[in-house]
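Engineer: This is work.cif (mmCIF, C-alpha atoms).
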```
data_run
loop_
_atom_site.label_atom_id
_atom_site.label_comp_id
_atom_site.auth_asym_id
_atom_site.auth_seq_id
_atom_site.Cartn_x
_atom_site.Cartn_y
_atom_site.Cartn_z
CA MET A 156 0.00 0.00 0.00
CA SER A 157 1.60 3.23 -1.14
CA ILE A 158 1.18 6.85 -0.03
CA SER A 159 -0.54 7.72 -3.28
CA PHE A 160 -3.10 4.95 -2.80
CA VAL A 161 -3.91 6.13 0.74
CA LEU A 162 -4.28 9.73 -0.43
CA ILE A 163 -6.50 8.80 -3.36
CA CYS A 164 -8.74 6.69 -1.11
CA GLY A 165 -8.88 9.57 1.38
CA GLY A 166 -9.92 11.87 -1.44
CA LEU A 167 -12.70 9.48 -2.46
CA ALA A 168 -13.93 9.25 1.13
CA LEU A 169 -13.94 13.04 1.50
CA PHE A 170 -15.80 13.34 -1.80
CA TRP A 171 -18.48 11.00 -0.43
CA VAL A 172 -18.85 13.20 2.65
CA ALA A 173 -19.08 16.29 0.43
CA MET A 174 -21.83 14.72 -1.64
CA LEU A 175 -23.59 13.78 1.59
CA GLY A 176 -23.50 17.39 2.73
CA LEU A 177 -24.73 18.74 -0.59
CA LEU A 178 -27.51 16.24 -1.27
CA TRP A 179 -28.67 15.87 2.33
CA ARG A 180 -29.97 19.44 2.09
CA ARG A 181 -30.51 19.85 5.81
CA SER A 182 -28.79 23.15 6.38
CA LEU A 183 -27.41 25.87 4.16
CA VAL A 184 -24.26 25.95 6.27
CA GLY A 185 -23.95 22.17 5.94
CA MET A 186 -24.14 22.55 2.16
CA LEU A 187 -21.40 25.19 2.23
CA VAL A 188 -19.22 22.91 4.34
CA GLY A 189 -19.98 20.16 1.81
CA VAL A 190 -18.74 22.36 -1.03
CA LEU A 191 -15.56 23.03 0.94
CA PHE A 192 -14.89 19.34 1.54
CA GLY A 193 -15.67 18.57 -2.10
CA TRP A 194 -12.86 20.81 -3.26
CA LEU A 195 -10.58 19.50 -0.52
CA SER A 196 -11.18 15.99 -1.82
CA VAL A 197 -9.97 17.19 -5.22
CA VAL A 198 -6.87 18.62 -3.55
CA VAL A 199 -6.11 15.39 -1.68
CA ALA A 200 -6.60 13.26 -4.80
CA ALA A 201 -4.37 15.61 -6.83
CA VAL A 202 -1.63 15.33 -4.22
CA GLY A 203 -2.00 11.55 -4.37
CA PHE A 204 -1.60 11.50 -8.14
CA ALA A 205 1.37 13.86 -7.84
CA PHE A 206 3.04 11.28 -5.58
CA ALA A 207 2.21 8.60 -8.13
CA ARG A 208 3.99 10.53 -10.86
CA GLY A 209 7.18 10.73 -8.85
CA ASN A 210 9.58 13.66 -8.78
CA THR A 211 9.06 14.84 -12.30
CA GLU A 212 8.44 18.27 -13.70
CA GLU A 213 4.94 17.22 -14.56
CA SER A 214 4.13 16.86 -10.87
CA GLN A 215 4.26 20.66 -10.74
CA ILE A 216 1.16 20.65 -12.90
CA SER A 217 -0.59 18.93 -10.00
CA ALA A 218 0.54 21.74 -7.71
CA VAL A 219 -0.94 24.37 -10.02
CA PHE A 220 -4.12 22.32 -10.24
CA VAL A 221 -4.32 22.17 -6.44
CA LEU A 222 -3.96 25.95 -6.15
CA LEU A 223 -6.63 26.52 -8.80
CA ALA A 224 -8.98 24.12 -7.00
CA ALA A 225 -8.43 25.97 -3.73
CA LEU A 226 -9.07 29.36 -5.32
CA ILE A 227 -12.22 28.19 -7.07
CA SER A 228 -13.38 26.65 -3.80
CA GLY A 229 -12.92 29.97 -2.03
CA LEU A 230 -14.84 31.87 -4.68
CA GLN A 231 -17.61 29.30 -4.75
CA VAL A 232 -18.09 29.32 -0.99
CA ALA A 233 -18.00 33.14 -0.96
CA LEU A 234 -20.80 33.20 -3.54
CA GLY A 235 -22.79 30.61 -1.59
CA LEU A 236 -22.28 32.52 1.65
CA SER A 237 -23.62 35.69 0.09
CA ILE A 238 -26.76 33.77 -0.91
CA VAL A 239 -27.06 32.32 2.60
CA ILE A 240 -26.72 35.78 4.17
CA ALA A 241 -29.41 37.14 1.89
CA ARG A 242 -31.73 34.23 2.75
CA VAL A 243 -31.19 34.45 6.49
CA SER A 244 -31.68 38.20 6.56
CA ARG A 245 -34.98 37.83 4.71
CA ARG A 246 -36.36 34.61 6.19
CA GLY A 247 -34.37 34.13 9.39
CA THR A 248 -33.67 30.44 8.89
CA LEU A 249 -30.92 28.16 7.63
CA ASP A 250 -33.40 25.55 6.42
CA ALA A 251 -32.39 24.43 2.93
CA GLN A 252 -35.93 23.20 2.21
CA ASP A 253 -37.16 26.71 2.70
CA ALA A 254 -34.60 27.98 0.19
CA GLY A 255 -35.79 25.78 -2.68
CA LEU A 256 -36.94 28.80 -4.65
CA LEU A 257 -34.66 31.76 -5.25
CA GLU A 258 -36.53 35.02 -4.98
CA GLY A 259 -35.71 38.34 -6.55
CA MET B 1084 4.41 6.78 7.91
CA ILE B 1085 1.60 5.28 5.86
CA GLY B 1086 -0.14 4.17 9.05
CA GLY B 1087 -0.04 7.70 10.45
CA LEU B 1088 -1.25 9.09 7.16
CA ALA B 1089 -4.15 6.65 7.06
CA PHE B 1090 -5.03 7.46 10.68
CA GLY B 1091 -4.98 11.20 9.98
CA LEU B 1092 -7.15 10.79 6.92
CA PHE B 1093 -9.58 8.63 8.89
CA ILE B 1094 -9.86 11.33 11.58
CA ALA B 1095 -10.44 13.89 8.82
CA PHE B 1096 -13.11 11.69 7.26
CA ALA B 1097 -14.92 11.08 10.56
CA SER B 1098 -14.82 14.76 11.50
CA ALA B 1099 -16.02 15.85 8.06
CA PHE B 1100 -18.87 13.37 8.34
CA ALA B 1101 -19.73 14.82 11.76
CA ALA B 1102 -19.57 18.35 10.36
CA VAL B 1103 -22.14 17.48 7.72
CA ILE B 1104 -24.39 15.50 10.05
CA LEU B 1105 -24.25 18.24 12.72
CA GLY B 1106 -25.19 20.89 10.18
CA ARG B 1107 -28.34 21.69 12.14
CA ASN B 1108 -26.19 23.44 14.72
CA LEU B 1109 -23.75 25.97 13.37
CA THR B 1110 -21.13 25.91 16.11
CA ARG B 1111 -20.86 22.13 16.33
CA SER B 1112 -20.69 21.82 12.54
CA ILE B 1113 -17.93 24.40 12.17
CA PHE B 1114 -16.00 22.91 15.11
CA ALA B 1115 -16.06 19.43 13.54
CA ALA B 1116 -14.99 20.91 10.20
CA VAL B 1117 -12.03 22.62 11.88
CA ILE B 1118 -10.95 19.30 13.40
CA ALA B 1119 -11.23 17.65 9.98
CA LEU B 1120 -9.13 20.40 8.43
CA ALA B 1121 -6.48 20.09 11.14
CA ALA B 1122 -6.26 16.32 10.66
CA LEU B 1123 -5.98 16.80 6.92
CA ALA B 1124 -3.25 19.41 7.34
CA GLY B 1125 -1.32 17.10 9.67
CA SER B 1126 -1.56 14.25 7.20
CA LEU B 1127 -0.36 16.37 4.29
CA ILE B 1128 2.50 17.82 6.32
CA ALA B 1129 3.52 14.31 7.40
CA VAL B 1130 3.93 13.20 3.80
CA ASP B 1131 5.57 16.48 2.76
CA ALA B 1132 2.86 17.31 0.29
CA GLY B 1133 4.36 20.65 -0.64
CA PHE B 1134 3.54 24.32 -0.72
CA ALA B 1135 0.46 24.06 -2.91
CA ALA B 1136 -1.35 21.60 -0.66
CA LEU B 1137 -0.63 23.68 2.43
CA SER B 1138 -1.84 26.79 0.62
CA ALA B 1139 -5.09 24.98 -0.14
CA ILE B 1140 -5.45 24.06 3.52
CA THR B 1141 -4.81 27.68 4.53
CA ILE B 1142 -7.45 28.94 2.12
CA SER B 1143 -9.88 26.35 3.49
CA ALA B 1144 -9.18 27.51 7.04
CA LEU B 1145 -9.94 31.09 6.01
CA ILE B 1146 -13.19 29.94 4.42
CA LEU B 1147 -14.21 28.16 7.63
CA ALA B 1148 -13.35 31.23 9.71
CA THR B 1149 -15.51 33.36 7.43
CA LEU B 1150 -18.40 30.91 7.74
CA GLN B 1151 -18.11 30.97 11.51
CA LEU B 1152 -17.89 34.77 11.68
CA PHE B 1153 -20.92 35.39 9.50
CA GLY B 1154 -22.77 32.51 11.13
CA TRP B 1155 -22.35 34.11 14.54
CA MET B 1156 -23.60 37.38 13.14
CA LEU B 1157 -26.67 35.85 11.56
CA VAL B 1158 -28.13 33.10 13.70
CA ASP B 1159 -28.64 32.03 17.29
CA VAL B 1160 -25.94 29.43 17.85
CA ASP B 1161 -27.31 28.11 21.13
CA ARG B 1162 -30.06 25.99 19.66
CA ASP B 1163 -30.78 23.73 16.74
CA HIS B 1164 -32.35 25.61 13.88
CA LEU B 1165 -34.05 22.86 11.93
CA PRO B 1166 -36.71 20.25 12.68
CA PRO B 1167 -35.53 16.62 12.98
CA THR B 1168 -35.75 14.32 9.97
CA ASP B 1169 -38.47 11.68 10.08
CA ARG B 1170 -37.36 8.06 10.28
CA ALA B 1171 -38.46 6.93 6.78
CA THR B 1172 -36.66 9.77 5.02
CA TRP B 1173 -33.57 9.23 7.16
CA PHE B 1174 -33.50 5.52 6.26
CA ALA B 1175 -34.00 6.16 2.53
CA ARG B 1176 -31.26 8.77 2.42
CA SER B 1177 -28.88 6.53 4.33
CA LEU B 1178 -29.50 3.66 1.91
CA ALA B 1179 -28.81 5.89 -1.09
CA PHE B 1180 -25.56 7.17 0.36
CA VAL B 1181 -24.43 3.67 1.31
CA LEU B 1182 -24.93 2.74 -2.37
CA MET B 1183 -22.81 5.65 -3.47
CA GLY B 1184 -20.15 4.87 -0.85
CA GLY B 1185 -20.03 1.29 -2.11
CA ALA B 1186 -19.42 2.52 -5.65
CA LEU B 1187 -16.56 4.72 -4.47
CA ALA B 1188 -15.11 1.79 -2.51
CA LEU B 1189 -15.20 -0.29 -5.70
CA LEU B 1190 -13.27 2.46 -7.44
CA ALA B 1191 -10.68 2.39 -4.64
CA PHE B 1192 -10.29 -1.37 -5.06
CA VAL B 1193 -9.64 -0.88 -8.78
CA VAL B 1194 -6.87 1.59 -7.97
CA ARG B 1195 -5.40 -0.68 -5.28
CA ASP B 1196 -5.29 -3.77 -7.48
CA SER B 1197 -3.61 -1.98 -10.35
CA GLU B 1198 0.16 -2.07 -10.59
CA LEU B 1199 0.51 1.57 -11.56
CA LEU B 1200 0.67 3.03 -8.07
CA ASP B 1201 2.86 0.21 -6.78
CA ALA B 1202 5.38 0.95 -9.48
CA ALA B 1203 5.26 4.62 -8.55
CA SER B 1204 6.10 3.82 -4.94
CA ALA B 1205 9.28 2.12 -6.16
CA ASN B 1206 10.60 5.54 -7.24
CA THR B 1207 10.45 4.81 -10.92
CA HIS B 1208 9.95 7.70 -13.27
CA VAL B 1209 6.69 8.66 -14.91
CA VAL B 1210 4.43 5.65 -14.54
CA LEU B 1211 1.03 7.15 -15.16
CA ASP B 1212 0.07 8.08 -18.68
CA THR B 1213 -3.22 8.28 -20.47
CA GLY B 1214 -2.68 5.00 -22.29
CA ALA B 1215 -2.04 3.16 -19.05
CA LEU B 1216 -5.10 4.70 -17.43
CA GLY B 1217 -7.25 3.76 -20.40
CA GLU B 1218 -5.92 0.22 -20.26
CA LEU B 1219 -6.67 0.18 -16.53
CA PHE B 1220 -10.29 1.21 -16.74
CA PHE B 1221 -11.28 -0.21 -20.10
CA GLY B 1222 -8.91 -3.12 -20.63
CA ALA B 1223 -9.02 -6.22 -18.52
CA TRP B 1224 -11.08 -4.29 -15.95
CA ARG B 1225 -13.83 -3.39 -18.37
CA ASP B 1226 -16.52 -5.35 -16.52
CA LEU B 1227 -15.67 -3.75 -13.21
CA ALA B 1228 -15.51 -0.33 -14.84
CA ILE B 1229 -19.01 -0.84 -16.20
CA LEU B 1230 -20.20 -1.87 -12.75
CA VAL B 1231 -18.68 1.21 -11.16
CA GLY B 1232 -20.06 3.39 -13.93
CA LEU B 1233 -23.53 2.05 -13.25
CA ALA B 1234 -23.30 2.11 -9.47
CA ILE B 1235 -22.34 5.78 -9.13
CA PRO B 1236 -25.17 7.24 -11.24
CA ALA B 1237 -27.57 4.71 -9.69
CA GLY B 1238 -26.67 6.02 -6.26
CA LEU B 1239 -27.01 9.61 -7.35
CA LEU B 1240 -30.33 8.99 -9.10
CA ALA B 1241 -31.68 7.08 -6.11
CA THR B 1242 -30.68 9.96 -3.89
CA LEU B 1243 -32.31 12.56 -6.07
CA MET B 1244 -35.48 10.50 -6.49
CA LEU B 1245 -35.78 9.95 -2.77
CA MET B 1246 -35.44 13.64 -2.09
CA ARG B 1247 -38.18 14.73 -4.46
CA GLY B 1248 -41.35 16.13 -3.00
CA GLU B 1249 -40.34 15.90 0.60
CA GLY B 1250 -41.58 19.34 1.48
CA GLU B 1251 -44.35 18.02 3.73
CA GLY B 1252 -42.47 15.57 5.86
CA ARG B 1253 -38.82 16.03 6.75
#
```
Starting from the file, lay out its structure as structure tokens.
Structural biologist:
Amino acid sequence: MSISFVLICGGLALFWVAMLGLLWRRSLVGMLVGVLFGWLSVVVAAVGFAFARGNTEESQISAVFVLLAALISGLQVALGLSIVIARVSRRGTLDAQDAGLLEG
Amino acid sequence: MIGGLAFGLFIAFASAFAAVILGRNLTRSIFAAVIALAALAGSLIAVDAGFAALSAITISALILATLQLFGWMLVDVDRDHLPPTDRATWFARSLAFVLMGGALALLAFVVRDSELLDAASANTHVVLDTGALGELFFGAWRDLAILVGLAIPAGLLATLMLMRGEGEGR
């Protein structure tokens, strides 16, 4: 069992948790945390594949990919948080069922 | 080192699961997510994952801090904010996610049984290329690849179907 295998399996497990948070739809904050862990699973899997490639120049591509995934994650959660803030200020609840319809 | 890495990733997985499950309460959810992030950071540092991975962890920590800050500003953190899920819906959702977890476990077994990652651990040079990956998933493993390809969308579809029209009972 190699380091890359453990990291890739960890990434798959984190992805499952992220999907759980997104599709469970219990809380808007839980969905945001799910988005965060989804992108972290991408990061962990990318690190695992970088280990699998060995110490080559191409492994630097994985590093760039990891940074891009982290930045997109930050932007995505910021956008989601702005929606959550707007919902809570209008309706006063974090219930995702109540947020099924976006209002103008 | 692999044992420590696996232990750290398991702690991260369990804490992330708790963060999602405890999403009804903001403080508990964020606290569990912070523990998951710390375990993940420890694991990546232990294997010397590099600057990029640690930058990603730092960005994630900032995101969590922002969530906590705005959460404290917006909601009452001393009580649960959502009604409990009824037993039938809870069971159906759990079954769907177990299906999806099984599909991901199958995918992990495919990776484990392949020789690509084992060769990489022996410090050989580039061992992963697109041809090898194609041979892995569509060569001798074609039947298993089809099974995985069916299981993942089946889990997702089952999940989505089970969550339709649940506005009345939660």
Engineer: Under the PyMOL selection byres ((chain A and resi 169-180) around 8), which residues of this model are included? Write them out as a PyMOL selection string.
Structural biologist: (chain A and resi 165-168+181-183+185-193+195-197+251-252) or (chain B and resi 1096+1099-1100+1103-1104+1176+1180+1183-1184+1187+1242-1243)
Engineer: Expressed in Å to a single decimal, how great is the separation between CA of Val161 (chain A) and CA of Leu1182 (chain B)?
Structural biologist: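 Computed distance, CA of Val161 (chain A) to CA of Leu1182 (chain B), equals 21.5 Å.
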Engineer: Fewer than 5 positions away in the same chain doesn't count, so skip those; otherwise give me all residues within 10 Å of Phe1114 (chain B), counting all atoms listed in the file, as JSON, numbers by chain.
Structural biologist: {"B": [1098, 1099, 1101, 1102, 1105, 1109, 1119, 1120, 1147, 1151]}
Engineer: Using Å and a single decimal, report how far CA of Arg245 (chain A) sits from CA of Asp1169 (chain B).
Structural biologist: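 CA of Arg245 (chain A) lies 26.9 Å from CA of Asp1169 (chain B).
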Engineer: So how far away is CA of Ala1191 (chain B) from CA of Phe1221 (chain B), in Å?
Structural biologist: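 Computing it gives 15.7 Å between the two atoms.
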Engineer: For Leu1137 (chain B), which of A:Ile158, A:Leu236, A:Ala200, A:Ala218 is the closest residue, counting only C-alpha atoms?
Structural biologist: A:Ala218
Engineer: Could you check which residues have any atom within 12 Å of (-7.0, 20.9, 7.5), counting all atoms listed in the file with coordinates taken straight from the file, and then list them as an mmCIF file with C-alpha atoms, in the frame of the given file?
Structural biologist:
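Dumped to part.cif:
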```cif
data_model
loop_
_atom_site.group_PDB
_atom_site.id
_atom_site.type_symbol
_atom_site.label_atom_id
_atom_site.label_comp_id
_atom_site.auth_asym_id
_atom_site.auth_seq_id
_atom_site.Cartn_x
_atom_site.Cartn_y
_atom_site.Cartn_z
ATOM 1 C CA LEU A 191 -15.560 23.030 0.940
ATOM 2 C CA PHE A 192 -14.890 19.340 1.540
ATOM 3 C CA LEU A 195 -10.580 19.500 -0.520
ATOM 4 C CA SER A 196 -11.180 15.990 -1.820
ATOM 5 C CA VAL A 198 -6.870 18.620 -3.550
ATOM 6 C CA VAL A 199 -6.110 15.390 -1.680
ATOM 7 C CA GLY B 1091 -4.980 11.200 9.980
ATOM 8 C CA LEU B 1092 -7.150 10.790 6.920
ATOM 9 C CA ILE B 1094 -9.860 11.330 11.580
ATOM 10 C CA ALA B 1095 -10.440 13.890 8.820
ATOM 11 C CA PHE B 1096 -13.110 11.690 7.260
ATOM 12 C CA SER B 1098 -14.820 14.760 11.500
ATOM 13 C CA ALA B 1099 -16.020 15.850 8.060
ATOM 14 C CA PHE B 1114 -16.000 22.910 15.110
ATOM 15 C CA ALA B 1115 -16.060 19.430 13.540
ATOM 16 C CA ALA B 1116 -14.990 20.910 10.200
ATOM 17 C CA VAL B 1117 -12.030 22.620 11.880
ATOM 18 C CA ILE B 1118 -10.950 19.300 13.400
ATOM 19 C CA ALA B 1119 -11.230 17.650 9.980
ATOM 20 C CA LEU B 1120 -9.130 20.400 8.430
ATOM 21 C CA ALA B 1121 -6.480 20.090 11.140
ATOM 22 C CA ALA B 1122 -6.260 16.320 10.660
ATOM 23 C CA LEU B 1123 -5.980 16.800 6.920
ATOM 24 C CA ALA B 1124 -3.250 19.410 7.340
ATOM 25 C CA GLY B 1125 -1.320 17.100 9.670
ATOM 26 C CA SER B 1126 -1.560 14.250 7.200
ATOM 27 C CA LEU B 1127 -0.360 16.370 4.290
ATOM 28 C CA ILE B 1128 2.500 17.820 6.320
ATOM 29 C CA ALA B 1136 -1.350 21.600 -0.660
ATOM 30 C CA LEU B 1137 -0.630 23.680 2.430
ATOM 31 C CA SER B 1138 -1.840 26.790 0.620
ATOM 32 C CA ALA B 1139 -5.090 24.980 -0.140
ATOM 33 C CA ILE B 1140 -5.450 24.060 3.520
ATOM 34 C CA THR B 1141 -4.810 27.680 4.530
ATOM 35 C CA ILE B 1142 -7.450 28.940 2.120
ATOM 36 C CA SER B 1143 -9.880 26.350 3.490
ATOM 37 C CA ALA B 1144 -9.180 27.510 7.040
ATOM 38 C CA LEU B 1145 -9.940 31.090 6.010
ATOM 39 C CA ILE B 1146 -13.190 29.940 4.420
ATOM 40 C CA LEU B 1147 -14.210 28.160 7.630
#
```
Engineer: Select, from A:Ala201, A:Leu222, A:Leu234, A:Val239, the residue with the minimum atom-to-atom distance to chain B, counting all atoms listed in the file.
Structural biologist: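 Selected residue with least distance to chain B: A:Leu222.
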Engineer: With only C-alpha atoms as the atoms that count, which of B:Leu1189, B:Ile1229, B:Arg1195, B:Trp1155 lies nearest to chain A?
Structural biologist: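 The shortest atom-to-atom distance to chain A comes from B:Arg1195.
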Engineer: Run the PyMOL selection byres ((chain A and resi 203) around 6) mentally over the shown coordinates, then write out the matched residues as a PyMOL selection string, using the chain letters and numbers from the document.
Structural biologist: chain A and resi 159+162-163+200-202+204-206
